[in-house]
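Data from input32.txt: compact mmCIF, C-alpha atoms
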# COMPACT_ATOMS: atom_id res chain seq x y z
CA MET I 178 161.64 189.93 -18.69
CA SER I 179 158.85 187.58 -19.70
CA LEU I 180 156.99 186.92 -22.94
CA ASN I 181 153.53 185.49 -23.44
CA ARG I 182 152.80 185.43 -27.18
CA VAL I 183 151.16 182.73 -29.29
CA PHE I 184 150.54 182.33 -33.02
CA LEU I 185 147.93 179.81 -34.19
CA ILE I 186 146.91 178.75 -37.67
CA GLY I 187 143.95 176.40 -37.74
CA ASN I 188 140.37 175.83 -38.76
CA LEU I 189 137.23 177.05 -37.01
CA GLY I 190 135.23 174.18 -35.52
CA ALA I 191 131.99 176.16 -35.28
CA ALA I 192 130.59 179.61 -35.94
CA PRO I 193 131.84 182.28 -33.52
CA GLU I 194 129.57 183.23 -30.60
CA LEU I 195 129.13 186.93 -29.84
CA ARG I 196 127.78 188.16 -26.52
CA TYR I 197 127.97 191.36 -24.51
CA THR I 198 129.09 192.04 -20.95
CA GLN I 199 126.91 194.00 -18.53
CA ALA I 200 128.91 197.09 -19.59
CA GLN I 201 127.97 196.32 -23.26
CA LEU I 202 131.53 195.27 -24.23
CA PRO I 203 131.41 192.79 -27.14
CA VAL I 204 133.03 189.40 -26.42
CA CYS I 205 133.46 186.79 -29.15
CA THR I 206 134.41 183.18 -28.43
CA PHE I 207 135.40 180.59 -31.02
CA ARG I 208 137.32 177.32 -31.20
CA ILE I 209 140.25 176.58 -33.49
CA ALA I 210 141.55 173.12 -34.38
CA THR I 211 145.28 172.81 -35.05
CA ASN I 212 146.67 169.60 -36.52
CA GLU I 213 150.01 167.90 -36.10
CA ARG I 214 151.24 164.86 -37.98
CA LYS I 215 153.65 162.57 -36.10
CA GLN I 216 155.51 159.42 -36.94
CA ASP I 217 155.45 156.80 -34.19
CA LYS I 218 158.24 154.35 -33.34
CA ASP I 219 156.84 151.82 -35.85
CA GLY I 220 156.99 154.35 -38.68
CA GLN I 221 153.22 154.84 -38.85
CA TRP I 222 151.93 158.39 -39.32
CA THR I 223 149.20 159.61 -37.00
CA ASP I 224 147.31 162.88 -36.91
CA HIS I 225 146.72 164.72 -33.64
CA THR I 226 144.18 167.55 -33.35
CA GLU I 227 144.45 170.10 -30.57
CA TRP I 228 141.50 172.41 -29.80
CA HIS I 229 142.01 175.98 -28.65
CA THR I 230 139.36 178.33 -27.27
CA VAL I 231 139.92 181.92 -28.42
CA VAL I 232 138.28 184.94 -26.80
CA SER I 233 138.36 188.40 -28.36
CA PHE I 234 136.98 191.71 -27.10
CA GLY I 235 135.69 195.03 -28.43
CA LYS I 236 135.86 195.83 -32.13
CA THR I 237 137.98 192.72 -32.74
CA ALA I 238 135.17 190.60 -31.30
CA GLU I 239 132.63 192.22 -33.63
CA ASN I 240 134.92 191.65 -36.64
CA CYS I 241 135.48 188.00 -35.70
CA ASN I 242 131.75 187.45 -35.45
CA GLN I 243 131.12 189.14 -38.80
CA TYR I 244 133.88 187.59 -40.92
CA LEU I 245 134.75 184.17 -39.45
CA GLN I 246 132.87 181.07 -40.56
CA LYS I 247 132.91 177.42 -39.52
CA GLY I 248 135.60 175.43 -41.34
CA LYS I 249 137.56 178.47 -42.53
CA GLN I 250 141.29 178.69 -41.87
CA VAL I 251 142.33 181.50 -39.53
CA PHE I 252 145.51 183.02 -38.14
CA VAL I 253 145.34 184.19 -34.53
CA GLU I 254 147.96 186.15 -32.61
CA GLY I 255 147.59 186.78 -28.91
CA ARG I 256 148.54 185.59 -25.46
CA ILE I 257 147.75 182.43 -23.53
CA GLN I 258 145.69 182.68 -20.39
CA THR I 259 144.62 179.59 -18.45
CA ARG I 260 141.11 179.62 -17.07
CA LYS I 261 139.82 177.23 -14.43
CA TYR I 262 136.33 175.78 -14.35
CA GLN I 263 134.76 174.03 -11.41
CA ASP I 264 131.51 172.18 -11.94
CA GLN I 265 128.87 171.55 -9.28
CA ASP I 266 130.37 168.15 -8.36
Please render this file's structure as structure tokens.
Amino acid sequence: MSLNRVFLIGNLGAAPELRYTQAQLPVCTFRIATNERKQDKDGQWTDHTEWHTVVSFGKTAENCNQYLQKGKQVFVEGRIQTRKYQDQD
């Protein structure tokens, strides 16, 4: 048995981007910033921000595009999928 489930609470870094596939399936992409506060070995507190790219499809994509706004806090539930990108170099 395996499990691939993630829960994120963070803030939108920009407005969502809605596009459509060739088959006219809505796809919405947006980025969420999650923050973590850590204490280092010297006792100093530092903030670390991690950025997550979220992709939604279908009616969920349309709803994300309609209701999400830059800077707003969001809760996302889904699964993690790693994508690879190779540039021209």
Write out as a ChimeraX atom specification which residues come within 7 Å of I:Thr226 when counting only C-alpha atoms, dropping same-chain ones fewer than 6 positions away. /I:210-213
Nearest residue to I:Gly190 from the set I:Tyr262, I:Ile209, I:Asp217, I:Cys241 (distances using all atoms listed in the file):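 Answer, going by the shortest atom-to-atom distance: I:Ile209.
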Would you compute the distance between atom CA of I:His229 and atom CA of I:Phe207? Give it in Å to one decimal. 8.4 Å
Name all residues at most 8 Å from I:Arg196 (count all atoms listed in the file; drop same-chain ones fewer than 3 positions away) and give them as a ChimeraX atom specification. /I:203-205
What is the atom CA of I:Thr237 to atom CA of I:Leu180 distance in Å? 22.2 Å
Who sits within 7 Å of stretch 244-247 of chain I, all atoms listed in the file, same chain under 5 positions skipped, as a PyMOL selection string: chain I and resi 189-193
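Between atom CA of I:Arg214 and atom CA of I:Glu227 the interatomic distance comes to 11.3 Å.
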Taking all atoms listed in the file into account, name the residue in I:Gln265, I:Gln243, I:Thr230, I:Thr259 that is nearest to I:Arg208.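 Among the listed residues, I:Thr230 lies closest to I:Arg208.
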Mind filling out stretch 238-249 of chain I with all heavy atoms and sending it as a short mmCIF file (atom, residue, chain, number, x, y, z; two decimals), in the coordinates of the input?
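The file below, selection.cif, is the result:
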data_model
loop_
_atom_site.label_atom_id
_atom_site.label_comp_id
_atom_site.auth_asym_id
_atom_site.auth_seq_id
_atom_site.Cartn_x
_atom_site.Cartn_y
_atom_site.Cartn_z
N ALA I 238 136.22 191.60 -31.50
CA ALA I 238 135.17 190.60 -31.30
C ALA I 238 134.07 190.75 -32.35
O ALA I 238 133.59 189.77 -32.92
CB ALA I 238 134.58 190.73 -29.90
N GLU I 239 133.67 191.98 -32.61
CA GLU I 239 132.63 192.22 -33.63
C GLU I 239 133.11 191.78 -35.01
O GLU I 239 132.35 191.19 -35.78
CB GLU I 239 132.23 193.68 -33.64
CG GLU I 239 131.51 194.10 -32.36
CD GLU I 239 131.24 195.59 -32.28
OE1 GLU I 239 131.97 196.38 -32.94
OE2 GLU I 239 130.31 195.97 -31.55
N ASN I 240 134.37 192.06 -35.34
CA ASN I 240 134.92 191.65 -36.64
C ASN I 240 135.01 190.13 -36.75
O ASN I 240 134.70 189.56 -37.81
CB ASN I 240 136.30 192.27 -36.87
CG ASN I 240 136.21 193.75 -37.16
OD1 ASN I 240 135.20 194.26 -37.63
ND2 ASN I 240 137.29 194.47 -36.87
N CYS I 241 135.42 189.47 -35.69
CA CYS I 241 135.48 188.00 -35.70
C CYS I 241 134.10 187.42 -35.96
O CYS I 241 133.94 186.51 -36.77
CB CYS I 241 136.03 187.48 -34.38
SG CYS I 241 137.79 187.77 -34.13
N ASN I 242 133.11 187.94 -35.27
CA ASN I 242 131.75 187.45 -35.45
C ASN I 242 131.24 187.68 -36.87
O ASN I 242 130.55 186.84 -37.43
CB ASN I 242 130.81 188.12 -34.44
CG ASN I 242 129.42 187.56 -34.51
OD1 ASN I 242 129.21 186.39 -34.26
ND2 ASN I 242 128.47 188.41 -34.85
N GLN I 243 131.61 188.79 -37.46
CA GLN I 243 131.12 189.14 -38.80
C GLN I 243 131.81 188.35 -39.90
O GLN I 243 131.17 187.92 -40.85
CB GLN I 243 131.31 190.63 -39.05
CG GLN I 243 130.77 191.08 -40.40
CD GLN I 243 130.90 192.58 -40.61
OE1 GLN I 243 131.29 193.32 -39.71
NE2 GLN I 243 130.56 193.03 -41.80
N TYR I 244 133.12 188.13 -39.79
CA TYR I 244 133.88 187.59 -40.92
C TYR I 244 134.29 186.12 -40.80
O TYR I 244 134.63 185.51 -41.81
CB TYR I 244 135.13 188.45 -41.15
CG TYR I 244 134.80 189.85 -41.57
CD1 TYR I 244 135.01 190.92 -40.72
CD2 TYR I 244 134.24 190.11 -42.82
CE1 TYR I 244 134.70 192.22 -41.09
CE2 TYR I 244 133.91 191.40 -43.20
CZ TYR I 244 134.15 192.45 -42.34
OH TYR I 244 133.83 193.73 -42.72
N LEU I 245 134.31 185.56 -39.60
CA LEU I 245 134.75 184.17 -39.45
C LEU I 245 133.59 183.22 -39.64
O LEU I 245 132.47 183.48 -39.22
CB LEU I 245 135.38 183.96 -38.07
CG LEU I 245 136.62 184.81 -37.76
CD1 LEU I 245 137.17 184.44 -36.39
CD2 LEU I 245 137.68 184.65 -38.83
N GLN I 246 133.89 182.08 -40.29
CA GLN I 246 132.87 181.07 -40.56
C GLN I 246 133.42 179.69 -40.23
O GLN I 246 134.62 179.44 -40.37
CB GLN I 246 132.46 181.09 -42.03
CG GLN I 246 131.86 182.38 -42.50
CD GLN I 246 131.65 182.40 -44.01
OE1 GLN I 246 131.94 181.41 -44.69
NE2 GLN I 246 131.15 183.49 -44.53
N LYS I 247 132.53 178.80 -39.83
CA LYS I 247 132.91 177.42 -39.52
C LYS I 247 133.69 176.81 -40.68
O LYS I 247 133.32 176.95 -41.83
CB LYS I 247 131.66 176.59 -39.23
CG LYS I 247 131.97 175.14 -38.95
CD LYS I 247 130.71 174.35 -38.72
CE LYS I 247 131.07 172.88 -38.54
NZ LYS I 247 129.89 172.08 -38.26
N GLY I 248 134.80 176.14 -40.35
CA GLY I 248 135.60 175.43 -41.34
C GLY I 248 136.67 176.28 -42.01
O GLY I 248 137.58 175.74 -42.62
N LYS I 249 136.57 177.59 -41.90
CA LYS I 249 137.56 178.47 -42.53
C LYS I 249 138.87 178.46 -41.76
O LYS I 249 138.90 178.32 -40.55
CB LYS I 249 137.04 179.92 -42.60
CG LYS I 249 135.83 180.08 -43.48
CD LYS I 249 136.19 179.87 -44.92
CE LYS I 249 134.99 180.14 -45.80
NZ LYS I 249 135.29 180.00 -47.21
#
